[in-house]
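Structure first, commentary second.
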Amino acid sequence: MTTYVDPERAQFEAFKALDRDQPIEMLNLVKFRDRASYPVEHPLSSAGLTGAEAYGNYGIDTAPIIARLGASIVWRGSMQAVLIGPSDEHWDEVFVARYPTAHAFLDMVTDPDYQRAVIHRQAAVATSRLIRCAPASGGKAFG
């Protein structure tokens with residue numbers, strides 16, 4: 001499985017080129033490492049944490065930032081099975097985060113507290129997908 005943990009420069013530039021003044025929802029698909037992989041100089045490098053435990057640290061450290069920006073987790077689920085798609089892609093965390101604007105998301109990733117906290121995510125994640133979506137209303141039919 002190819003690993004995707006941080007955005008590539010071109011993807012981040014494409015994200016920034018989109019309208020920043022509208023609400024966005026970010027679909028998060030996350031697969032954890034069996035063991036967290038912190039840089040050797042990090043205090044938790046020899047703690048023996050699982051990827052899930054390191055991701056929990058990421059959640060704890062980023063919760064106040066998310067709240068301050070007016071963002072929230074609007075949906076969370078547990079993956080059960082793949083019906084359509086690669087059968088080798090299994091996700092440990094599946095959720096949708098809502099941000100009041102794309103500016104809020106960009107404020108988050110440039111916040112110094114967030115930049116200190118993201119080390120937990122990088123240590124925790126084997127691979128992930130982060131997909132920006134424009135909110136739309138539900139309905140009674142597909143399409």
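So you can find residues: chains in the structure tokens are A, B, ... in the order shown, residues in each start at 1, and ligands are numbered from 1 in order.
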Surrounding residues of A:Arg121 excluding itself and chain neighbours under 3 positions, 8 Å, only C-alpha atoms, as a compact mmCIF listing (two decimals) with all heavy atoms, in the first residue's frame:
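See out14.txt below for the written result:
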# COMPACT_ATOMS: atom_id res chain seq x y z
N ALA A 54 -0.81 7.10 19.69
CA ALA A 54 -0.21 8.35 19.22
C ALA A 54 -1.26 9.25 18.58
O ALA A 54 -1.26 10.46 18.79
CB ALA A 54 0.92 8.05 18.23
N TYR A 55 -2.20 8.65 17.84
CA TYR A 55 -3.27 9.44 17.23
C TYR A 55 -4.18 10.03 18.31
O TYR A 55 -4.68 11.14 18.16
CB TYR A 55 -4.08 8.58 16.24
CG TYR A 55 -4.83 9.40 15.23
CD1 TYR A 55 -4.19 9.93 14.12
CD2 TYR A 55 -6.20 9.66 15.37
CE1 TYR A 55 -4.88 10.69 13.17
CE2 TYR A 55 -6.89 10.41 14.44
CZ TYR A 55 -6.22 10.92 13.34
OH TYR A 55 -6.90 11.68 12.41
N TYR A 58 -2.64 13.14 19.36
CA TYR A 58 -2.92 14.16 18.34
C TYR A 58 -4.30 14.76 18.59
O TYR A 58 -4.47 15.98 18.57
CB TYR A 58 -2.83 13.51 16.96
CG TYR A 58 -3.28 14.36 15.80
CD1 TYR A 58 -2.58 15.49 15.41
CD2 TYR A 58 -4.40 14.00 15.06
CE1 TYR A 58 -2.99 16.25 14.31
CE2 TYR A 58 -4.81 14.74 13.96
CZ TYR A 58 -4.10 15.86 13.60
OH TYR A 58 -4.50 16.60 12.51
N ALA A 117 1.71 19.65 17.53
CA ALA A 117 0.88 18.46 17.75
C ALA A 117 0.92 17.49 16.58
O ALA A 117 0.74 16.28 16.78
CB ALA A 117 -0.57 18.89 18.00
N VAL A 118 1.14 17.97 15.37
CA VAL A 118 1.06 17.11 14.18
C VAL A 118 2.12 16.00 14.20
O VAL A 118 1.95 14.98 13.52
CB VAL A 118 1.10 17.94 12.88
CG1 VAL A 118 2.52 18.37 12.52
CG2 VAL A 118 0.45 17.19 11.74
N ALA A 124 1.77 8.33 14.10
CA ALA A 124 0.67 7.37 14.21
C ALA A 124 0.25 6.74 12.89
O ALA A 124 -0.15 5.58 12.83
CB ALA A 124 -0.54 8.06 14.83
N VAL A 125 0.30 7.52 11.81
CA VAL A 125 -0.39 7.17 10.56
C VAL A 125 0.50 6.38 9.61
O VAL A 125 1.60 6.82 9.26
CB VAL A 125 -0.92 8.45 9.88
CG1 VAL A 125 -1.49 8.14 8.51
CG2 VAL A 125 -1.97 9.11 10.77
Residues of stretch 15-84 of chain A that have any atom at most 9 Å from an atom of stretch 88-110 of chain A: could you tabulate them with the shortest-distance atom pair and the distance in Å to one decimal, using only C-alpha atoms, ordered by chain and increasing number, as a tab-separated table?
residue	atom	partner	partner_atom	distance
A:Phe15	CA	A:Ala102	CA	8.8
A:Lys16	CA	A:Ala102	CA	8.2
A:Leu18	CA	A:Ala102	CA	8.5
A:Asp19	CA	A:Ala102	CA	7.4
A:Arg20	CA	A:Ala102	CA	4.5
A:Asp21	CA	A:Thr101	CA	5.3
A:Gln22	CA	A:Thr101	CA	4.8
A:Pro23	CA	A:Thr101	CA	4.1
A:Ile24	CA	A:Tyr99	CA	5.4
A:Glu25	CA	A:Arg98	CA	4.4
A:Met26	CA	A:Ala97	CA	5.1
A:Leu27	CA	A:Val96	CA	4.6
A:Asn28	CA	A:Phe95	CA	5.3
A:Leu29	CA	A:Val94	CA	4.8
A:Val30	CA	A:Glu93	CA	5.0
A:Lys31	CA	A:Trp91	CA	4.8
A:Phe32	CA	A:Asp92	CA	6.5
A:Ala52	CA	A:Asp92	CA	8.4
A:Thr62	CA	A:Met108	CA	8.9
A:Ile65	CA	A:Met108	CA	6.9
A:Ile66	CA	A:Met108	CA	7.3
A:Leu69	CA	A:Ala104	CA	5.9
A:Gly70	CA	A:Pro100	CA	6.4
A:Ala71	CA	A:Tyr99	CA	4.5
A:Ser72	CA	A:Arg98	CA	5.4
A:Ile73	CA	A:Ala97	CA	4.3
A:Val74	CA	A:Val96	CA	5.8
A:Trp75	CA	A:Val96	CA	5.2
A:Arg76	CA	A:Phe95	CA	4.2
A:Gly77	CA	A:Val94	CA	5.6
A:Ser78	CA	A:Val94	CA	6.4
A:Met79	CA	A:Trp91	CA	6.3
A:Gln80	CA	A:His90	CA	8.7
A:Ala81	CA	A:His90	CA	8.0
A:Val82	CA	A:His90	CA	7.9
Would you return as a CSV table (one decimal) with all heavy atoms, in the first residue's frame the members of chain A that DSSP assigns to alpha helix (DSSP H) on this structure's backbone?
chain,number,residue,atom,x,y,z
A,9,ARG,N,3.1,19.1,-2.1
A,9,ARG,CA,3.1,20.6,-2.4
A,9,ARG,C,2.0,20.9,-3.4
A,9,ARG,O,1.2,21.8,-3.2
A,9,ARG,CB,4.5,21.1,-2.8
A,9,ARG,CG,4.6,22.5,-3.2
A,9,ARG,CD,4.1,23.6,-2.2
A,9,ARG,NE,4.7,23.4,-0.9
A,9,ARG,CZ,4.2,24.0,0.1
A,9,ARG,NH1,3.1,24.8,0.0
A,9,ARG,NH2,4.7,23.9,1.3
A,10,ALA,N,2.0,20.2,-4.5
A,10,ALA,CA,1.0,20.5,-5.6
A,10,ALA,C,-0.4,20.3,-5.1
A,10,ALA,O,-1.3,21.1,-5.4
A,10,ALA,CB,1.3,19.6,-6.8
A,11,GLN,N,-0.7,19.3,-4.3
A,11,GLN,CA,-2.0,19.1,-3.7
A,11,GLN,C,-2.4,20.2,-2.8
A,11,GLN,O,-3.5,20.7,-2.8
A,11,GLN,CB,-2.1,17.8,-3.0
A,11,GLN,CG,-2.0,16.6,-3.9
A,11,GLN,CD,-1.9,15.3,-3.1
A,11,GLN,OE1,-1.1,15.2,-2.1
A,11,GLN,NE2,-2.6,14.3,-3.5
A,12,PHE,N,-1.4,20.7,-2.0
A,12,PHE,CA,-1.7,21.8,-1.0
A,12,PHE,C,-2.0,23.1,-1.8
A,12,PHE,O,-2.9,23.8,-1.4
A,12,PHE,CB,-0.6,21.9,0.0
A,12,PHE,CG,-0.9,22.8,1.1
A,12,PHE,CD1,-1.9,22.4,2.0
A,12,PHE,CD2,-0.2,23.9,1.4
A,12,PHE,CE1,-2.2,23.2,3.1
A,12,PHE,CE2,-0.5,24.7,2.5
A,12,PHE,CZ,-1.5,24.3,3.4
A,13,GLU,N,-1.2,23.3,-2.9
A,13,GLU,CA,-1.4,24.5,-3.7
A,13,GLU,C,-2.8,24.5,-4.3
A,13,GLU,O,-3.5,25.5,-4.4
A,13,GLU,CB,-0.3,24.7,-4.7
A,13,GLU,CG,1.1,25.0,-4.1
A,13,GLU,CD,1.1,26.2,-3.2
A,13,GLU,OE1,0.5,27.2,-3.6
A,13,GLU,OE2,1.8,26.2,-2.2
A,14,ALA,N,-3.2,23.3,-4.8
A,14,ALA,CA,-4.5,23.2,-5.4
A,14,ALA,C,-5.6,23.4,-4.4
A,14,ALA,O,-6.6,24.1,-4.7
A,14,ALA,CB,-4.7,21.8,-6.1
A,15,PHE,N,-5.4,22.9,-3.2
A,15,PHE,CA,-6.4,23.2,-2.1
A,15,PHE,C,-6.5,24.7,-1.8
A,15,PHE,O,-7.6,25.3,-1.8
A,15,PHE,CB,-5.9,22.5,-0.8
A,15,PHE,CG,-6.7,22.7,0.4
A,15,PHE,CD1,-7.8,21.9,0.7
A,15,PHE,CD2,-6.5,23.9,1.2
A,15,PHE,CE1,-8.5,22.1,1.9
A,15,PHE,CE2,-7.3,24.1,2.3
A,15,PHE,CZ,-8.3,23.2,2.6
A,16,LYS,N,-5.3,25.4,-1.7
A,16,LYS,CA,-5.3,26.8,-1.4
A,16,LYS,C,-5.9,27.6,-2.6
A,16,LYS,O,-6.4,28.7,-2.3
A,16,LYS,CB,-3.9,27.3,-1.1
A,16,LYS,CG,-3.4,26.7,0.2
A,16,LYS,CD,-2.0,27.3,0.6
A,16,LYS,CE,-1.0,27.6,-0.4
A,16,LYS,NZ,0.3,28.0,0.1
A,17,ALA,N,-5.9,27.1,-3.8
A,17,ALA,CA,-6.4,27.9,-5.0
A,17,ALA,C,-8.0,27.9,-5.0
A,17,ALA,O,-8.6,28.7,-5.7
A,17,ALA,CB,-5.9,27.3,-6.3
A,51,GLY,N,0.1,3.1,17.1
A,51,GLY,CA,-0.4,4.2,16.3
A,51,GLY,C,-1.6,4.8,16.8
A,51,GLY,O,-1.8,6.0,16.8
A,52,ALA,N,-2.6,3.9,17.3
A,52,ALA,CA,-3.8,4.5,17.8
A,52,ALA,C,-3.6,5.4,19.0
A,52,ALA,O,-4.2,6.4,19.2
A,52,ALA,CB,-4.8,3.3,18.2
A,53,GLU,N,-2.6,5.0,19.9
A,53,GLU,CA,-2.3,5.8,21.1
A,53,GLU,C,-1.7,7.1,20.7
A,53,GLU,O,-2.1,8.2,21.2
A,53,GLU,CB,-1.4,5.0,22.0
A,53,GLU,CG,-2.1,3.9,22.7
A,53,GLU,CD,-1.1,2.9,23.4
A,53,GLU,OE1,0.1,2.8,23.0
A,53,GLU,OE2,-1.5,2.3,24.4
A,54,ALA,N,-0.8,7.1,19.7
A,54,ALA,CA,-0.2,8.3,19.2
A,54,ALA,C,-1.3,9.2,18.6
A,54,ALA,O,-1.3,10.5,18.8
A,54,ALA,CB,0.9,8.1,18.2
A,55,TYR,N,-2.2,8.7,17.8
A,55,TYR,CA,-3.3,9.4,17.2
A,55,TYR,C,-4.2,10.0,18.3
A,55,TYR,O,-4.7,11.1,18.2
A,55,TYR,CB,-4.1,8.6,16.2
A,55,TYR,CG,-4.8,9.4,15.2
A,55,TYR,CD1,-4.2,9.9,14.1
A,55,TYR,CD2,-6.2,9.7,15.4
A,55,TYR,CE1,-4.9,10.7,13.2
A,55,TYR,CE2,-6.9,10.4,14.4
A,55,TYR,CZ,-6.2,10.9,13.3
A,55,TYR,OH,-6.9,11.7,12.4
A,56,GLY,N,-4.4,9.3,19.4
A,56,GLY,CA,-5.1,9.8,20.5
A,56,GLY,C,-4.4,11.1,21.1
A,56,GLY,O,-5.1,12.0,21.4
A,57,ASN,N,-3.1,11.1,21.2
A,57,ASN,CA,-2.4,12.3,21.6
A,57,ASN,C,-2.6,13.4,20.6
A,57,ASN,O,-2.7,14.6,21.1
A,57,ASN,CB,-0.9,12.0,21.7
A,57,ASN,CG,-0.6,11.1,22.9
A,57,ASN,OD1,-1.3,11.0,23.8
A,57,ASN,ND2,0.6,10.4,22.8
A,58,TYR,N,-2.6,13.1,19.4
A,58,TYR,CA,-2.9,14.2,18.3
A,58,TYR,C,-4.3,14.8,18.6
A,58,TYR,O,-4.5,16.0,18.6
A,58,TYR,CB,-2.8,13.5,17.0
A,58,TYR,CG,-3.3,14.4,15.8
A,58,TYR,CD1,-2.6,15.5,15.4
A,58,TYR,CD2,-4.4,14.0,15.1
A,58,TYR,CE1,-3.0,16.2,14.3
A,58,TYR,CE2,-4.8,14.7,14.0
A,58,TYR,CZ,-4.1,15.9,13.6
A,58,TYR,OH,-4.5,16.6,12.5
A,59,GLY,N,-5.3,13.9,18.8
A,59,GLY,CA,-6.6,14.4,19.1
A,59,GLY,C,-6.7,15.3,20.4
A,59,GLY,O,-7.3,16.3,20.4
A,60,ILE,N,-6.0,14.9,21.4
A,60,ILE,CA,-6.0,15.6,22.7
A,60,ILE,C,-5.4,17.0,22.4
A,60,ILE,O,-5.9,18.0,22.9
A,60,ILE,CB,-5.3,14.9,23.8
A,60,ILE,CG1,-6.1,13.7,24.2
A,60,ILE,CG2,-4.9,15.8,25.0
A,60,ILE,CD1,-5.3,12.7,25.1
A,61,ASP,N,-4.3,17.0,21.8
A,61,ASP,CA,-3.5,18.3,21.6
A,61,ASP,C,-4.2,19.2,20.6
A,61,ASP,O,-4.1,20.5,20.7
A,61,ASP,CB,-2.1,18.0,21.1
A,61,ASP,CG,-1.2,17.4,22.2
A,61,ASP,OD1,-1.7,17.3,23.3
A,61,ASP,OD2,-0.1,17.1,21.9
A,62,THR,N,-5.0,18.7,19.6
A,62,THR,CA,-5.6,19.6,18.6
A,62,THR,C,-7.0,19.9,19.0
A,62,THR,O,-7.6,20.9,18.4
A,62,THR,CB,-5.6,18.9,17.2
A,62,THR,OG1,-6.3,17.6,17.3
A,62,THR,CG2,-4.2,18.7,16.7
A,63,ALA,N,-7.7,19.3,19.9
A,63,ALA,CA,-9.1,19.6,20.3
A,63,ALA,C,-9.3,21.1,20.6
A,63,ALA,O,-10.2,21.7,20.1
A,63,ALA,CB,-9.5,18.7,21.4
A,64,PRO,N,-8.4,21.7,21.4
A,64,PRO,CA,-8.6,23.1,21.7
A,64,PRO,C,-8.5,24.0,20.5
A,64,PRO,O,-9.2,25.0,20.4
A,64,PRO,CB,-7.6,23.5,22.8
A,64,PRO,CG,-6.9,22.2,23.1
A,64,PRO,CD,-7.3,21.1,22.2
A,65,ILE,N,-7.6,23.6,19.6
A,65,ILE,CA,-7.4,24.4,18.4
A,65,ILE,C,-8.6,24.3,17.5
A,65,ILE,O,-9.1,25.4,17.0
A,65,ILE,CB,-6.2,23.9,17.6
A,65,ILE,CG1,-4.9,24.0,18.5
A,65,ILE,CG2,-6.0,24.7,16.3
A,65,ILE,CD1,-3.7,23.2,18.0
A,66,ILE,N,-9.1,23.1,17.3
A,66,ILE,CA,-10.3,22.9,16.5
A,66,ILE,C,-11.5,23.7,17.1
A,66,ILE,O,-12.2,24.4,16.3
A,66,ILE,CB,-10.6,21.4,16.4
A,66,ILE,CG1,-9.6,20.7,15.5
A,66,ILE,CG2,-12.0,21.1,15.9
A,66,ILE,CD1,-9.6,19.2,15.6
A,67,ALA,N,-11.7,23.6,18.4
A,67,ALA,CA,-12.8,24.4,19.0
A,67,ALA,C,-12.6,25.9,18.8
A,67,ALA,O,-13.6,26.6,18.5
A,67,ALA,CB,-12.8,24.0,20.5
A,68,ARG,N,-11.4,26.4,19.0
A,68,ARG,CA,-11.2,27.8,18.8
A,68,ARG,C,-11.5,28.3,17.4
A,68,ARG,O,-12.0,29.4,17.2
A,68,ARG,CB,-9.7,28.1,19.2
A,68,ARG,CG,-9.4,29.6,19.1
A,68,ARG,CD,-7.9,29.9,19.6
A,68,ARG,NE,-7.0,29.4,18.6
A,68,ARG,CZ,-6.1,28.5,18.8
A,68,ARG,NH1,-6.0,27.8,20.0
A,68,ARG,NH2,-5.2,28.1,17.9
A,69,LEU,N,-11.3,27.4,16.4
A,69,LEU,CA,-11.6,27.8,15.0
A,69,LEU,C,-13.0,27.6,14.6
A,69,LEU,O,-13.4,28.0,13.5
A,69,LEU,CB,-10.6,27.0,14.1
A,69,LEU,CG,-9.2,27.3,14.3
A,69,LEU,CD1,-8.3,26.3,13.5
A,69,LEU,CD2,-8.8,28.7,13.8
A,102,ALA,N,-12.5,27.5,4.5
A,102,ALA,CA,-11.2,26.9,4.3
A,102,ALA,C,-10.1,27.8,5.0
A,102,ALA,O,-9.0,27.2,5.3
A,102,ALA,CB,-10.9,26.9,2.8
A,103,HIS,N,-10.3,29.0,5.2
A,103,HIS,CA,-9.4,29.9,5.9
A,103,HIS,C,-9.2,29.2,7.3
A,103,HIS,O,-8.0,29.2,7.8
A,103,HIS,CB,-9.9,31.3,6.1
A,103,HIS,CG,-9.9,32.1,4.9
A,103,HIS,ND1,-8.8,32.6,4.3
A,103,HIS,CD2,-11.0,32.7,4.2
A,103,HIS,CE1,-9.1,33.3,3.3
A,103,HIS,NE2,-10.4,33.4,3.2
A,104,ALA,N,-10.2,28.7,8.0
A,104,ALA,CA,-10.1,28.1,9.3
A,104,ALA,C,-9.2,26.9,9.2
A,104,ALA,O,-8.3,26.7,10.1
A,104,ALA,CB,-11.4,27.8,9.9
A,105,PHE,N,-9.3,26.1,8.2
A,105,PHE,CA,-8.5,24.9,8.0
A,105,PHE,C,-7.0,25.4,7.9
A,105,PHE,O,-6.1,24.8,8.5
A,105,PHE,CB,-8.9,24.1,6.8
A,105,PHE,CG,-8.0,22.9,6.6
A,105,PHE,CD1,-8.2,21.7,7.3
A,105,PHE,CD2,-6.9,22.9,5.8
A,105,PHE,CE1,-7.4,20.6,7.1
A,105,PHE,CE2,-6.1,21.9,5.6
A,105,PHE,CZ,-6.3,20.7,6.3
A,106,LEU,N,-6.8,26.4,7.0
A,106,LEU,CA,-5.4,26.9,6.8
A,106,LEU,C,-4.9,27.5,8.1
A,106,LEU,O,-3.7,27.4,8.4
A,106,LEU,CB,-5.4,27.9,5.6
A,106,LEU,CG,-5.7,27.2,4.3
A,106,LEU,CD1,-5.9,28.2,3.2
A,106,LEU,CD2,-4.5,26.3,3.9
A,107,ASP,N,-5.7,28.2,8.9
A,107,ASP,CA,-5.3,28.8,10.1
A,107,ASP,C,-4.8,27.6,11.1
A,107,ASP,O,-3.9,27.8,11.8
A,107,ASP,CB,-6.4,29.6,10.8
A,107,ASP,CG,-6.7,30.9,10.1
A,107,ASP,OD1,-5.9,31.3,9.3
A,107,ASP,OD2,-7.8,31.5,10.4
A,108,MET,N,-5.6,26.5,11.0
A,108,MET,CA,-5.2,25.4,11.9
A,108,MET,C,-3.8,24.8,11.5
A,108,MET,O,-3.0,24.7,12.4
A,108,MET,CB,-6.3,24.3,11.8
A,108,MET,CG,-5.9,23.0,12.6
A,108,MET,SD,-7.0,21.6,12.3
A,108,MET,CE,-6.5,21.1,10.7
A,109,VAL,N,-3.6,24.5,10.3
A,109,VAL,CA,-2.3,23.9,9.9
A,109,VAL,C,-1.1,24.8,10.0
A,109,VAL,O,0.0,24.3,10.1
A,109,VAL,CB,-2.4,23.2,8.5
A,109,VAL,CG1,-3.5,22.1,8.5
A,109,VAL,CG2,-2.6,24.2,7.4
A,110,THR,N,-1.4,26.1,10.1
A,110,THR,CA,-0.2,27.0,10.3
A,110,THR,C,-0.1,27.5,11.8
A,110,THR,O,0.8,28.2,12.1
A,110,THR,CB,-0.4,28.3,9.4
A,110,THR,OG1,-1.6,28.9,9.7
A,110,THR,CG2,-0.3,27.9,7.9
A,112,PRO,N,1.0,27.5,15.5
A,112,PRO,CA,2.2,26.9,16.1
A,112,PRO,C,1.9,25.7,17.0
A,112,PRO,O,2.6,24.7,17.1
A,112,PRO,CB,2.8,28.0,16.9
A,112,PRO,CG,2.4,29.3,16.2
A,112,PRO,CD,1.0,28.9,15.7
A,113,ASP,N,0.8,25.8,17.7
A,113,ASP,CA,0.4,24.7,18.6
A,113,ASP,C,0.0,23.4,17.8
A,113,ASP,O,0.4,22.3,18.1
A,113,ASP,CB,-0.8,25.0,19.5
A,113,ASP,CG,-0.4,26.0,20.6
A,113,ASP,OD1,0.7,26.1,21.0
A,113,ASP,OD2,-1.3,26.8,21.0
A,114,TYR,N,-0.6,23.6,16.6
A,114,TYR,CA,-0.9,22.5,15.7
A,114,TYR,C,0.3,21.9,15.2
A,114,TYR,O,0.5,20.7,15.1
A,114,TYR,CB,-1.9,23.0,14.6
A,114,TYR,CG,-2.2,21.8,13.7
A,114,TYR,CD1,-3.2,20.9,14.0
A,114,TYR,CD2,-1.4,21.6,12.5
A,114,TYR,CE1,-3.5,19.8,13.1
A,114,TYR,CE2,-1.6,20.5,11.7
A,114,TYR,CZ,-2.7,19.6,12.0
A,114,TYR,OH,-2.9,18.5,11.2
A,115,GLN,N,1.3,22.8,14.8
A,115,GLN,CA,2.5,22.3,14.2
A,115,GLN,C,3.3,21.5,15.2
A,115,GLN,O,4.0,20.5,14.8
A,115,GLN,CB,3.3,23.5,13.6
A,115,GLN,CG,2.6,24.0,12.4
A,115,GLN,CD,3.4,25.2,11.8
A,115,GLN,OE1,4.2,25.8,12.4
A,115,GLN,NE2,3.0,25.6,10.6
A,116,ARG,N,3.2,21.8,16.5
A,116,ARG,CA,3.8,20.9,17.5
A,116,ARG,C,3.0,19.6,17.7
A,116,ARG,O,3.6,18.6,17.9
A,116,ARG,CB,3.9,21.7,18.8
A,116,ARG,CG,5.0,22.7,18.9
A,116,ARG,CD,5.2,23.3,20.3
A,116,ARG,NE,4.1,24.2,20.6
A,116,ARG,CZ,4.0,25.4,20.3
A,116,ARG,NH1,4.9,26.0,19.5
A,116,ARG,NH2,2.9,26.1,20.7
A,117,ALA,N,1.7,19.7,17.5
A,117,ALA,CA,0.9,18.5,17.7
A,117,ALA,C,0.9,17.5,16.6
A,117,ALA,O,0.7,16.3,16.8
A,117,ALA,CB,-0.6,18.9,18.0
A,118,VAL,N,1.1,18.0,15.4
A,118,VAL,CA,1.1,17.1,14.2
A,118,VAL,C,2.1,16.0,14.2
A,118,VAL,O,2.0,15.0,13.5
A,118,VAL,CB,1.1,17.9,12.9
A,118,VAL,CG1,2.5,18.4,12.5
A,118,VAL,CG2,0.4,17.2,11.7
A,119,ILE,N,3.1,16.1,15.0
A,119,ILE,CA,4.1,15.1,15.1
A,119,ILE,C,3.5,13.8,15.6
A,119,ILE,O,3.9,12.7,15.2
A,119,ILE,CB,5.3,15.5,16.1
A,119,ILE,CG1,6.5,14.5,16.0
A,119,ILE,CG2,4.8,15.6,17.5
A,119,ILE,CD1,7.3,14.6,14.8
A,120,HIS,N,2.4,13.9,16.4
A,120,HIS,CA,1.7,12.7,16.9
A,120,HIS,C,1.0,12.0,15.7
A,120,HIS,O,1.0,10.8,15.6
A,120,HIS,CB,0.7,13.0,17.9
A,120,HIS,CG,1.3,13.6,19.2
A,120,HIS,ND1,2.2,12.9,20.0
A,120,HIS,CD2,1.1,14.8,19.8
A,120,HIS,CE1,2.5,13.6,21.0
A,120,HIS,NE2,1.9,14.8,20.9
A,121,ARG,N,0.4,12.8,14.8
A,121,ARG,CA,-0.3,12.2,13.6
A,121,ARG,C,0.7,11.6,12.7
A,121,ARG,O,0.5,10.5,12.2
A,121,ARG,CB,-1.0,13.3,12.9
A,121,ARG,CG,-1.8,12.8,11.7
A,121,ARG,CD,-2.5,13.9,10.9
A,121,ARG,NE,-3.4,13.4,9.9
A,121,ARG,CZ,-3.0,12.9,8.7
A,121,ARG,NH1,-1.7,12.8,8.5
A,121,ARG,NH2,-3.9,12.4,7.9
A,122,GLN,N,1.9,12.2,12.5
A,122,GLN,CA,2.9,11.7,11.6
A,122,GLN,C,3.5,10.4,12.2
A,122,GLN,O,3.8,9.4,11.4
A,122,GLN,CB,4.0,12.7,11.4
A,122,GLN,CG,3.5,13.9,10.6
A,122,GLN,CD,4.4,15.1,10.7
A,122,GLN,OE1,5.1,15.3,11.7
A,122,GLN,NE2,4.4,15.9,9.6
A,123,ALA,N,3.6,10.3,13.5
A,123,ALA,CA,4.1,9.1,14.1
A,123,ALA,C,3.0,8.0,14.1
A,123,ALA,O,3.4,6.8,14.0
A,123,ALA,CB,4.4,9.4,15.6
A,124,ALA,N,1.8,8.3,14.1
A,124,ALA,CA,0.7,7.4,14.2
A,124,ALA,C,0.3,6.7,12.9
A,124,ALA,O,-0.1,5.6,12.8
A,124,ALA,CB,-0.5,8.1,14.8
- DSSP says strand (DSSP E) for which residues of chain A? Put them as a PyMOL selection string? chain A and resi 24-32+72-77+93-99+125-133
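Rounded to one decimal, atom CA of A:Ala136 and atom CA of A:Asp6 lie 26.5 Å from each other.
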